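Student: Sharing structure26.cif (mmCIF, C-alpha atoms) below.
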```cif
data_work
loop_
_atom_site.group_PDB
_atom_site.id
_atom_site.type_symbol
_atom_site.label_atom_id
_atom_site.label_comp_id
_atom_site.auth_asym_id
_atom_site.auth_seq_id
_atom_site.Cartn_x
_atom_site.Cartn_y
_atom_site.Cartn_z
ATOM 1 C CA MET A 1 -26.720 126.229 103.127
ATOM 2 C CA SER A 2 -29.752 126.430 100.937
ATOM 3 C CA GLY A 3 -31.448 123.098 100.397
ATOM 4 C CA ASP A 4 -33.894 124.361 97.778
ATOM 5 C CA HIS A 5 -32.115 123.211 94.661
ATOM 6 C CA ASN A 6 -32.877 120.914 91.793
ATOM 7 C CA HIS A 7 -31.089 118.276 89.804
ATOM 8 C CA GLY A 8 -32.758 119.089 86.522
ATOM 9 C CA ASP A 9 -30.052 117.682 84.276
ATOM 10 C CA MET A 10 -30.915 114.143 85.263
ATOM 11 C CA GLN A 11 -34.499 114.214 86.475
ATOM 12 C CA ASN A 12 -35.875 116.098 83.465
ATOM 13 C CA THR A 13 -34.102 114.089 80.813
ATOM 14 C CA PRO A 14 -36.608 112.154 78.637
ATOM 15 C CA VAL A 15 -35.289 108.590 78.900
ATOM 16 C CA SER A 16 -38.049 107.059 76.763
ATOM 17 C CA ARG A 17 -37.452 109.577 73.996
ATOM 18 C CA LEU A 18 -33.722 108.954 74.135
ATOM 19 C CA TRP A 19 -34.368 105.244 73.689
ATOM 20 C CA MET A 20 -36.634 105.895 70.705
ATOM 21 C CA ALA A 21 -34.102 108.249 69.114
ATOM 22 C CA LEU A 22 -31.344 105.691 69.751
ATOM 23 C CA GLY A 23 -33.346 102.934 68.026
ATOM 24 C CA LEU A 24 -34.126 105.096 64.981
ATOM 25 C CA THR A 25 -30.599 106.447 64.627
ATOM 26 C CA GLY A 26 -28.837 103.137 65.187
ATOM 27 C CA ALA A 27 -31.003 101.268 62.694
ATOM 28 C CA PHE A 28 -30.588 103.854 59.962
ATOM 29 C CA MET A 29 -26.842 104.122 60.605
ATOM 30 C CA VAL A 30 -26.469 100.479 59.599
ATOM 31 C CA ALA A 31 -28.647 101.020 56.524
ATOM 32 C CA GLU A 32 -26.645 104.083 55.520
ATOM 33 C CA VAL A 33 -23.301 102.299 55.835
ATOM 34 C CA ILE A 34 -24.586 99.521 53.570
ATOM 35 C CA GLY A 35 -25.988 102.081 51.147
ATOM 36 C CA GLY A 36 -22.741 104.049 51.095
ATOM 37 C CA VAL A 37 -20.741 100.939 50.253
ATOM 38 C CA PHE A 38 -23.072 99.847 47.461
ATOM 39 C CA THR A 39 -23.467 103.307 45.905
ATOM 40 C CA GLY A 40 -19.799 104.249 46.352
ATOM 41 C CA SER A 41 -20.780 107.549 48.000
ATOM 42 C CA LEU A 42 -18.325 109.038 50.502
ATOM 43 C CA ALA A 43 -20.978 111.588 51.430
ATOM 44 C CA LEU A 44 -23.298 108.784 52.549
ATOM 45 C CA ILE A 45 -20.477 107.123 54.497
ATOM 46 C CA SER A 46 -19.652 110.520 56.021
ATOM 47 C CA ASP A 47 -23.262 110.899 57.067
ATOM 48 C CA ALA A 48 -23.209 107.341 58.439
ATOM 49 C CA MET A 49 -20.151 108.197 60.532
ATOM 50 C CA HIS A 50 -22.089 111.107 61.981
ATOM 51 C CA MET A 51 -24.955 108.728 62.608
ATOM 52 C CA LEU A 52 -22.473 106.565 64.502
ATOM 53 C CA THR A 53 -21.541 109.490 66.736
ATOM 54 C CA ASP A 54 -25.253 110.215 67.200
ATOM 55 C CA THR A 55 -25.799 106.630 68.279
ATOM 56 C CA MET A 56 -22.871 106.767 70.682
ATOM 57 C CA ALA A 57 -23.995 110.154 72.020
ATOM 58 C CA LEU A 58 -27.458 108.811 72.769
ATOM 59 C CA ALA A 59 -26.028 105.654 74.354
ATOM 60 C CA ILE A 60 -23.633 107.749 76.467
ATOM 61 C CA ALA A 61 -26.491 110.036 77.482
ATOM 62 C CA LEU A 62 -28.544 107.070 78.672
ATOM 63 C CA LEU A 63 -25.550 105.693 80.572
ATOM 64 C CA ALA A 64 -24.902 109.106 82.104
ATOM 65 C CA ILE A 65 -28.514 109.369 83.255
ATOM 66 C CA HIS A 66 -28.345 105.910 84.849
ATOM 67 C CA VAL A 67 -25.055 106.672 86.624
ATOM 68 C CA GLY A 68 -25.961 110.265 87.445
ATOM 69 C CA ARG A 69 -29.098 109.265 89.325
ATOM 70 C CA ARG A 70 -27.117 107.223 91.819
ATOM 71 C CA GLN A 71 -27.277 108.689 95.292
ATOM 72 C CA ALA A 72 -24.384 110.552 96.877
ATOM 73 C CA ASP A 73 -22.149 108.477 99.112
ATOM 74 C CA LEU A 74 -19.265 108.962 101.531
ATOM 75 C CA LEU A 75 -16.738 109.179 98.704
ATOM 76 C CA ARG A 76 -18.760 111.317 96.269
ATOM 77 C CA THR A 77 -20.726 113.790 98.326
ATOM 78 C CA TYR A 78 -22.111 115.547 95.238
ATOM 79 C CA GLY A 79 -23.289 112.256 93.785
ATOM 80 C CA TYR A 80 -22.560 111.196 90.208
ATOM 81 C CA ALA A 81 -24.259 113.975 88.249
ATOM 82 C CA ARG A 82 -20.905 115.277 86.958
ATOM 83 C CA PHE A 83 -20.533 112.025 84.988
ATOM 84 C CA GLU A 84 -22.892 113.567 82.447
ATOM 85 C CA ILE A 85 -20.362 116.325 81.731
ATOM 86 C CA LEU A 86 -17.524 113.842 81.317
ATOM 87 C CA ALA A 87 -19.636 111.871 78.864
ATOM 88 C CA ALA A 88 -20.546 114.990 76.878
ATOM 89 C CA ALA A 89 -16.864 116.016 76.688
ATOM 90 C CA PHE A 90 -15.923 112.554 75.426
ATOM 91 C CA ASN A 91 -18.628 112.797 72.805
ATOM 92 C CA ALA A 92 -17.323 116.181 71.602
ATOM 93 C CA LEU A 93 -13.793 114.786 71.219
ATOM 94 C CA LEU A 94 -15.202 111.807 69.320
ATOM 95 C CA LEU A 95 -16.984 114.148 66.930
ATOM 96 C CA LEU A 96 -13.742 115.983 66.194
ATOM 97 C CA GLY A 97 -12.009 112.708 65.418
ATOM 98 C CA VAL A 98 -14.756 111.674 62.976
ATOM 99 C CA ALA A 99 -14.620 115.045 61.223
ATOM 100 C CA PHE A 100 -10.868 114.749 60.635
ATOM 101 C CA TYR A 101 -11.317 111.211 59.299
ATOM 102 C CA ILE A 102 -13.902 112.361 56.768
ATOM 103 C CA LEU A 103 -11.648 115.181 55.600
ATOM 104 C CA TYR A 104 -8.824 112.678 55.102
ATOM 105 C CA GLU A 105 -11.024 110.321 53.092
ATOM 106 C CA ALA A 106 -12.293 113.189 50.938
ATOM 107 C CA TRP A 107 -8.726 114.243 50.183
ATOM 108 C CA LYS A 108 -7.889 110.701 49.041
ATOM 109 C CA ARG A 109 -10.946 110.630 46.774
ATOM 110 C CA LEU A 110 -9.729 113.696 44.895
ATOM 111 C CA PHE A 111 -6.928 111.538 43.499
ATOM 112 C CA GLU A 112 -8.912 108.291 43.317
ATOM 113 C CA PRO A 113 -12.404 109.204 42.021
ATOM 114 C CA GLN A 114 -15.137 106.569 42.181
ATOM 115 C CA ASP A 115 -18.367 106.065 40.293
ATOM 116 C CA ILE A 116 -21.380 107.115 42.349
ATOM 117 C CA ALA A 117 -24.871 105.558 42.085
ATOM 118 C CA SER A 118 -26.585 108.920 42.439
ATOM 119 C CA LEU A 119 -30.217 107.731 42.490
ATOM 120 C CA GLY A 120 -29.559 105.190 45.244
ATOM 121 C CA MET A 121 -27.630 107.856 47.126
ATOM 122 C CA LEU A 122 -30.587 110.236 46.795
ATOM 123 C CA GLY A 123 -33.126 107.689 48.054
ATOM 124 C CA ILE A 124 -31.089 106.818 51.131
ATOM 125 C CA ALA A 125 -30.554 110.507 51.920
ATOM 126 C CA VAL A 126 -34.317 111.166 51.805
ATOM 127 C CA VAL A 127 -34.941 108.403 54.342
ATOM 128 C CA GLY A 128 -32.090 109.758 56.482
ATOM 129 C CA LEU A 129 -33.648 113.206 56.458
ATOM 130 C CA ALA A 130 -36.928 111.789 57.761
ATOM 131 C CA VAL A 131 -35.182 109.812 60.517
ATOM 132 C CA ASN A 132 -33.131 112.832 61.624
ATOM 133 C CA PHE A 133 -36.174 115.084 61.661
ATOM 134 C CA LEU A 134 -38.108 112.641 63.844
ATOM 135 C CA SER A 135 -35.152 112.254 66.239
ATOM 136 C CA MET A 136 -34.857 116.043 66.510
ATOM 137 C CA ARG A 137 -38.526 116.293 67.417
ATOM 138 C CA LEU A 138 -38.041 113.702 70.145
ATOM 139 C CA LEU A 139 -35.129 115.618 71.742
ATOM 140 C CA SER A 140 -35.895 119.288 71.051
ATOM 141 C CA GLY A 141 -38.060 119.929 74.103
ATOM 142 C CA HIS A 142 -35.342 118.902 76.571
ATOM 143 C CA LYS A 143 -32.059 119.922 74.917
ATOM 144 C CA ASP A 144 -31.613 122.961 77.190
ATOM 145 C CA ASN A 145 -31.837 120.906 80.403
ATOM 146 C CA SER A 146 -28.875 118.603 79.814
ATOM 147 C CA LEU A 147 -25.518 118.875 78.062
ATOM 148 C CA ASN A 148 -25.779 115.253 77.000
ATOM 149 C CA VAL A 149 -29.200 115.724 75.423
ATOM 150 C CA LYS A 150 -27.963 118.975 73.898
ATOM 151 C CA GLY A 151 -24.959 117.182 72.434
ATOM 152 C CA ALA A 152 -27.160 114.462 70.957
ATOM 153 C CA TYR A 153 -29.614 117.059 69.612
ATOM 154 C CA LEU A 154 -26.818 119.062 67.948
ATOM 155 C CA GLU A 155 -25.479 115.949 66.286
ATOM 156 C CA VAL A 156 -28.895 114.973 64.937
ATOM 157 C CA TRP A 157 -29.390 118.565 63.750
ATOM 158 C CA ALA A 158 -26.072 118.461 61.883
ATOM 159 C CA ASP A 159 -27.002 115.088 60.422
ATOM 160 C CA MET A 160 -30.248 116.534 59.105
ATOM 161 C CA LEU A 161 -28.292 119.262 57.328
ATOM 162 C CA GLY A 162 -25.916 116.564 56.134
ATOM 163 C CA SER A 163 -28.808 114.604 54.645
ATOM 164 C CA LEU A 164 -29.940 117.731 52.791
ATOM 165 C CA GLY A 165 -26.400 118.138 51.473
ATOM 166 C CA VAL A 166 -26.260 114.522 50.343
ATOM 167 C CA MET A 167 -29.593 114.946 48.548
ATOM 168 C CA ALA A 168 -28.320 118.052 46.757
ATOM 169 C CA GLY A 169 -25.073 116.305 45.849
ATOM 170 C CA ALA A 170 -26.887 113.261 44.507
ATOM 171 C CA ALA A 171 -29.099 115.446 42.344
ATOM 172 C CA ILE A 172 -26.090 117.329 40.936
ATOM 173 C CA ILE A 173 -24.207 114.100 40.183
ATOM 174 C CA TRP A 174 -27.291 112.627 38.505
ATOM 175 C CA VAL A 175 -27.770 115.703 36.269
ATOM 176 C CA THR A 176 -24.135 116.607 35.513
ATOM 177 C CA GLY A 177 -22.122 113.460 36.169
ATOM 178 C CA TRP A 178 -19.655 115.427 38.333
ATOM 179 C CA GLN A 179 -18.439 112.668 40.657
ATOM 180 C CA TRP A 180 -16.191 115.039 42.638
ATOM 181 C CA VAL A 181 -19.294 116.697 44.114
ATOM 182 C CA ASP A 182 -19.633 113.687 46.417
ATOM 183 C CA SER A 183 -16.271 114.436 48.048
ATOM 184 C CA LEU A 184 -17.148 118.123 48.261
ATOM 185 C CA ILE A 185 -20.361 117.314 50.148
ATOM 186 C CA ALA A 186 -18.436 115.000 52.472
ATOM 187 C CA VAL A 187 -15.943 117.807 53.230
ATOM 188 C CA GLY A 188 -18.835 120.190 53.904
ATOM 189 C CA ILE A 189 -20.368 117.746 56.370
ATOM 190 C CA GLY A 190 -16.967 117.359 58.039
ATOM 191 C CA PHE A 191 -16.459 121.111 58.443
ATOM 192 C CA MET A 192 -20.025 121.565 59.681
ATOM 193 C CA VAL A 193 -19.218 119.665 62.854
ATOM 194 C CA PHE A 194 -16.405 121.921 64.078
ATOM 195 C CA PRO A 195 -18.252 125.039 65.381
ATOM 196 C CA ARG A 196 -20.972 123.159 67.279
ATOM 197 C CA THR A 197 -18.457 120.701 68.694
ATOM 198 C CA TRP A 198 -16.243 123.546 69.891
ATOM 199 C CA VAL A 199 -19.176 125.185 71.700
ATOM 200 C CA LEU A 200 -20.153 121.918 73.390
ATOM 201 C CA LEU A 201 -16.567 121.120 74.394
ATOM 202 C CA LYS A 202 -16.058 124.654 75.709
ATOM 203 C CA GLU A 203 -19.143 124.362 77.919
ATOM 204 C CA CYS A 204 -17.976 121.000 79.263
ATOM 205 C CA VAL A 205 -14.456 122.249 80.014
ATOM 206 C CA ASN A 206 -15.831 125.334 81.763
ATOM 207 C CA ILE A 207 -17.924 123.151 84.075
ATOM 208 C CA LEU A 208 -15.080 120.703 84.734
ATOM 209 C CA LEU A 209 -12.749 123.617 85.591
ATOM 210 C CA GLU A 210 -15.365 125.014 88.009
ATOM 211 C CA GLY A 211 -15.782 128.107 85.833
ATOM 212 C CA VAL A 212 -18.472 130.734 86.284
ATOM 213 C CA PRO A 213 -21.675 129.492 84.572
ATOM 214 C CA PRO A 214 -22.547 131.149 81.239
ATOM 215 C CA GLY A 215 -24.801 134.156 81.629
ATOM 216 C CA MET A 216 -23.538 134.970 85.131
ATOM 217 C CA LYS A 217 -20.975 137.589 86.134
ATOM 218 C CA ILE A 218 -19.301 137.103 89.477
ATOM 219 C CA ASP A 219 -18.919 140.869 90.031
ATOM 220 C CA GLU A 220 -22.678 141.328 89.671
ATOM 221 C CA VAL A 221 -23.366 138.514 92.124
ATOM 222 C CA GLU A 222 -20.881 139.995 94.603
ATOM 223 C CA SER A 223 -22.502 143.428 94.295
ATOM 224 C CA ALA A 224 -25.956 141.956 94.863
ATOM 225 C CA ILE A 225 -24.821 140.261 98.088
ATOM 226 C CA ALA A 226 -23.052 143.405 99.293
ATOM 227 C CA ALA A 227 -26.219 145.451 98.699
ATOM 228 C CA VAL A 228 -28.262 143.331 101.132
ATOM 229 C CA PRO A 229 -28.977 145.293 104.352
ATOM 230 C CA GLY A 230 -26.747 144.099 107.171
ATOM 231 C CA VAL A 231 -23.829 143.092 104.909
ATOM 232 C CA ALA A 232 -20.644 145.104 105.421
ATOM 233 C CA SER A 233 -18.514 143.279 102.859
ATOM 234 C CA VAL A 234 -18.167 140.043 100.885
ATOM 235 C CA HIS A 235 -15.097 137.903 100.234
ATOM 236 C CA ASP A 236 -14.004 134.380 99.308
ATOM 237 C CA LEU A 237 -16.818 134.206 96.748
ATOM 238 C CA HIS A 238 -16.901 131.179 94.431
ATOM 239 C CA LEU A 239 -19.436 130.546 91.681
ATOM 240 C CA TRP A 240 -19.495 127.345 89.618
ATOM 241 C CA ALA A 241 -21.809 124.620 88.336
ATOM 242 C CA ILE A 242 -21.958 120.938 89.226
ATOM 243 C CA THR A 243 -23.958 120.318 86.043
ATOM 244 C CA GLN A 244 -25.448 122.690 83.498
ATOM 245 C CA SER A 245 -28.662 123.383 85.417
ATOM 246 C CA LYS A 246 -27.179 123.331 88.926
ATOM 247 C CA PRO A 247 -25.116 126.478 89.607
ATOM 248 C CA SER A 248 -23.616 126.690 93.086
ATOM 249 C CA LEU A 249 -22.151 129.435 95.239
ATOM 250 C CA THR A 250 -20.087 129.759 98.399
ATOM 251 C CA ALA A 251 -19.198 133.071 100.028
ATOM 252 C CA HIS A 252 -18.183 134.747 103.286
ATOM 253 C CA ALA A 253 -20.343 137.727 104.270
ATOM 254 C CA VAL A 254 -19.148 140.146 106.965
ATOM 255 C CA LEU A 255 -22.019 141.482 109.058
ATOM 256 C CA SER A 256 -22.633 145.124 109.876
ATOM 257 C CA ASP A 257 -22.688 146.102 113.567
ATOM 258 C CA GLY A 258 -25.871 144.866 115.200
ATOM 259 C CA ALA A 259 -27.035 142.786 112.210
ATOM 260 C CA ASP A 260 -28.634 139.413 112.917
ATOM 261 C CA ALA A 261 -26.726 136.648 111.124
ATOM 262 C CA GLU A 262 -29.704 134.411 110.343
ATOM 263 C CA THR A 263 -31.850 137.286 109.076
ATOM 264 C CA VAL A 264 -29.079 138.507 106.802
ATOM 265 C CA ARG A 265 -28.345 134.996 105.528
ATOM 266 C CA LEU A 266 -31.983 134.429 104.576
ATOM 267 C CA ALA A 267 -32.088 137.832 102.865
ATOM 268 C CA ILE A 268 -28.976 137.006 100.823
ATOM 269 C CA GLU A 269 -30.433 133.658 99.759
ATOM 270 C CA ALA A 270 -33.694 135.333 98.718
ATOM 271 C CA ARG A 271 -31.770 137.897 96.638
ATOM 272 C CA LEU A 272 -29.662 135.244 94.938
ATOM 273 C CA GLN A 273 -32.705 133.124 94.124
ATOM 274 C CA ALA A 274 -34.687 136.074 92.759
ATOM 275 C CA ASP A 275 -31.924 137.779 90.768
ATOM 276 C CA PHE A 276 -29.759 134.860 89.591
ATOM 277 C CA ASP A 277 -31.841 131.696 90.066
ATOM 278 C CA LEU A 278 -29.170 130.460 92.490
ATOM 279 C CA HIS A 279 -30.595 127.881 94.880
ATOM 280 C CA HIS A 280 -27.538 125.851 95.894
ATOM 281 C CA THR A 281 -25.649 128.251 98.184
ATOM 282 C CA THR A 282 -23.378 128.002 101.203
ATOM 283 C CA LEU A 283 -22.888 131.231 103.139
ATOM 284 C CA GLN A 284 -20.525 131.827 106.045
ATOM 285 C CA MET A 285 -21.562 134.800 108.187
ATOM 286 C CA GLU A 286 -18.736 136.615 110.004
ATOM 287 C CA ARG A 287 -18.502 139.365 112.603
ATOM 288 C CA VAL A 288 -14.810 139.811 111.908
ATOM 289 C CA PRO A 289 -13.551 139.144 108.381
ATOM 290 C CA CYS A 290 -11.209 136.235 107.983
ATOM 291 C CA LYS A 291 -8.220 136.484 105.683
ATOM 292 C CA PRO A 292 -9.753 136.347 102.205
ATOM 293 C CA VAL A 293 -8.490 134.147 99.408
ATOM 294 C CA GLU A 294 -7.169 136.405 96.645
ATOM 295 C CA ARG A 295 -8.957 136.218 93.312
ATOM 296 C CA ILE A 296 -7.305 137.236 90.070
ATOM 297 C CA HIS A 297 -9.381 139.819 88.198
#
```
Give the structure from the file, written as structure tokens.
Tutor:
Amino acid sequence: MSGDHNHGDMQNTPVSRLWMALGLTGAFMVAEVIGGVFTGSLALISDAMHMLTDTMALAIALLAIHVGRRQADLLRTYGYARFEILAAAFNALLLLGVAFYILYEAWKRLFEPQDIASLGMLGIAVVGLAVNFLSMRLLSGHKDNSLNVKGAYLEVWADMLGSLGVMAGAAIIWVTGWQWVDSLIAVGIGFMVFPRTWVLLKECVNILLEGVPPGMKIDEVESAIAAVPGVASVHDLHLWAITQSKPSLTAHAVLSDGADAETVRLAIEARLQADFDLHHTTLQMERVPCKPVERIH
């Protein structure tokens, strides 16, 4: 088993930046809720609901980092790093729920229009844009190392677009008096969440189901192992990820006649590290192949 592996999801996550982003987002969420109530803007309340999910995502990410850094024990031999994926999946489901709620509220507003204080709505949206932009800057450098940070980053990114939409809506209402634009903007913000949430949820489910990590093809990995000198065949190959940045592999390699097991094992590990950045591997070397576990192609 190769011991040269990293736990980048947890160790590289910027805790201080998460705390700063959480403080900014949480404080403005409260301000935006108050502003939405006083201006009568559903778009502002919609944006505040997204701010709420941002706040929860950042809080969940911090909790996941704290739990995930706990050492492995006799009951959880891989440690607690997978908790991050559970938290990210929960966050994605929460986002979907918020989006449906906003769509419902927008539908009600079509039949019960309200007067909108467009200038107050515009001012709050401008501040929200600045807060979202700063939060994005805090998270952007580390979003590819952790699904939780990525989830929080995507939510802040969507909120920034939402703030731009609210600003545009406020300007239109101020110039034309078309109050229904507010509901239209709220619906747009609601629909904006679906594609990014689906991608995040799909990644989480793939990891939880021990699926092959994105960007890897198991047939290519199998061919690379089989091409190593001294390998006669490969079977019982499994490729999955414990967390986003920690892909793992187990396989049985049947040795050619006269091949040295340790030499071949080290050669396979070197190939996997060089070609696929796979560092967490467990290889069973065999002189006689055992009965392989069938894999559906």
Student: Might you spell out which residues the PyMOL selection byres ((chain A and resi 215) around 12) would select in the displayed file, as a PyMOL selection string?
Tutor: chain A and resi 203+211-214+216-218+220-221+239-240+244+247+276-277
Student: Starting from the point (-20.6, 129.2, 96.1), work out which residues of protein, DNA or RNA have an atom no more than 8 Å away when counting only C-alpha atoms; state them as JSON, numbers by chain.
Tutor: {"A": [237, 238, 239, 240, 248, 249, 250, 251, 280, 281, 282, 283]}
Student: The PyMOL selection byres ((chain A and resi 226-235) around 7) on the file shown: which residues, as a PyMOL selection string?
Tutor: chain A and resi 222-225+236-237+251-256+259+264+267-268+292
Student: With 4 Å added on each side, what axis-aligned box encloses every listed atom of segment 236-248 of chain A? Give the centre and edge lengths in Å to one decimal, as JSON.
Tutor:
```
{"center_x": -21.3, "center_y": 127.3, "center_z": 91.4, "size_x": 22.7, "size_y": 22.1, "size_z": 23.8}
```
Student: Excluding same-chain residues fewer than 6 positions from Gly36 of chain A, what lies within 10 Å of it counting all atoms listed in the file, as JSON, numbers by chain?
Tutor: {"A": [30, 42, 43, 44, 45, 46, 47, 48, 116, 117, 120, 121, 124]}
Student: Kindly give the distance, in Å, that separates atom CA of Gln273 of chain A and atom CA of Ile242 of chain A, rounded to a single decimal.
Tutor: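 These atoms are spaced 17.0 Å apart.
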Student: Looking at A:Glu262, A:Glu105, A:Glu210, A:Glu269, which one is nearest to Ile85 of chain A, with distances taken over all atoms listed in the file?
Tutor: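 Nearest to Ile85 of chain A: A:Glu210.
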Student: Selection in question (the file shown): the PyMOL selection byres ((chain A and resi 26) around 10). Which residues does it include, as a list of chain:residue names?
Tutor: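 That selection, the PyMOL selection byres ((chain A and resi 26) around 10), comes back as A:Met20, A:Ala21, A:Leu22, A:Gly23, A:Leu24, A:Thr25, A:Ala27, A:Phe28, A:Met29, A:Val30, A:Ala31, A:Glu32, A:Ala48, A:Met51, A:Leu52, A:Thr53, A:Asp54, A:Thr55, A:Met56, A:Leu58, A:Ala59.
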Student: State, in Å with one decimal place, the distance from atom CA of Arg265 of chain A to atom CA of Thr77 of chain A.
Tutor: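 Pair atom CA of Arg265 of chain A / atom CA of Thr77 of chain A returns 23.7 Å.
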Student: Name all residues at most 7 Å from segment 96-104 of chain A (count only C-alpha atoms; drop same-chain ones fewer than 4 positions away) and give them as a PyMOL selection string.
Tutor: chain A and resi 46+49+92+108+186-187+190-191+193-194
Student: Next, write the just-selected residues to a file, as a PDB file, in the frame of the given file, keeping C-alpha atoms as the atom set.
Tutor:
```pdb
ATOM      1  CA  SER A  46     -19.652 110.520  56.021  1.00  0.00           C
ATOM      2  CA  MET A  49     -20.151 108.197  60.532  1.00  0.00           C
ATOM      3  CA  ALA A  92     -17.323 116.181  71.602  1.00  0.00           C
ATOM      4  CA  LYS A 108      -7.889 110.701  49.041  1.00  0.00           C
ATOM      5  CA  ALA A 186     -18.436 115.000  52.472  1.00  0.00           C
ATOM      6  CA  VAL A 187     -15.943 117.807  53.230  1.00  0.00           C
ATOM      7  CA  GLY A 190     -16.967 117.359  58.039  1.00  0.00           C
ATOM      8  CA  PHE A 191     -16.459 121.111  58.443  1.00  0.00           C
ATOM      9  CA  VAL A 193     -19.218 119.665  62.854  1.00  0.00           C
ATOM     10  CA  PHE A 194     -16.405 121.921  64.078  1.00  0.00           C
TER      11      PHE A 194
END
```
Student: Please report the interatomic distance between atom CA of Thr197 of chain A and atom CA of Leu95 of chain A in Å with one decimal.
Tutor: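 Atom CA of Leu95 of chain A lies 6.9 Å from atom CA of Thr197 of chain A.
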Student: My list of candidates is A:Arg137, A:His279, A:Arg17, A:Arg287. Which is closest to Ala261 of chain A when distances are computed with only C-alpha atoms?
Tutor: A:Arg287
Student: Need to verify the contact set: Leu129 of chain A, 7 Å, all atoms listed in the file, exclusion of same-chain residues closer than 5 positions in sequence. Can you return it as an MDAnalysis selection string?
Tutor: chainID A and resid 160 163:164
Student: Keeping C-alpha atoms, export the residues of the selection given above as a PDB file, keeping the file's coordinate frame.
Tutor:
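As written to disk, result29.pdb reads:
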```
ATOM      1  CA  MET A 160     -30.248 116.534  59.105  1.00  0.00           C
ATOM      2  CA  SER A 163     -28.808 114.604  54.645  1.00  0.00           C
ATOM      3  CA  LEU A 164     -29.940 117.731  52.791  1.00  0.00           C
TER       4      LEU A 164
END
```
Student: Nearest residue to Ala81 of chain A out of A:Gly177, A:Leu93, A:Ser135, A:Ala61, using only C-alpha atoms?
Tutor: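 Using only C-alpha atoms, Ala81 of chain A sits closest to A:Ala61.
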Student: Between A:Ala57, A:Ala171, A:Val199, A:Glu286, single out the one closest to Leu94 of chain A, counting all atoms listed in the file.
Tutor: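 Under the stated criterion, the closest residue is A:Ala57.
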Student: Which is closest to Gly128 of chain A among A:Val156, A:Ala106, A:Ala87, A:Leu208, if we use all atoms listed in the file?
Tutor: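 Once distances to Gly128 of chain A are computed over all atoms listed in the file, the minimum belongs to A:Val156.
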Student: So that I can see what lies close to Leu18 of chain A, please list as a PDB file with C-alpha atoms, in the frame of the given file the residues with an atom at most 8 Å from it, counting only C-alpha atoms and leaving out residues fewer than 5 positions away in the same chain.
Tutor:
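Everything below was put into selection_4.pdb:
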```pdb
ATOM      1  CA  LEU A  58     -27.458 108.811  72.769  1.00  0.00           C
ATOM      2  CA  LEU A  62     -28.544 107.070  78.672  1.00  0.00           C
ATOM      3  CA  LEU A 138     -38.041 113.702  70.145  1.00  0.00           C
ATOM      4  CA  LEU A 139     -35.129 115.618  71.742  1.00  0.00           C
TER       5      LEU A 139
END
```
Student: Using only C-alpha atoms, determine which residues lie at most 12 Å from Tyr78 of chain A, disregarding the query and same-chain residues fewer than 5 positions distant; provide the list as a list of chain:residue names.
Tutor: A:His7, A:Gly68, A:Arg69, A:Arg70, A:Gln71, A:Ala72, A:Asp73, A:Phe83, A:Ala241, A:Ile242, A:Thr243, A:Lys246, A:Ser248, A:His280
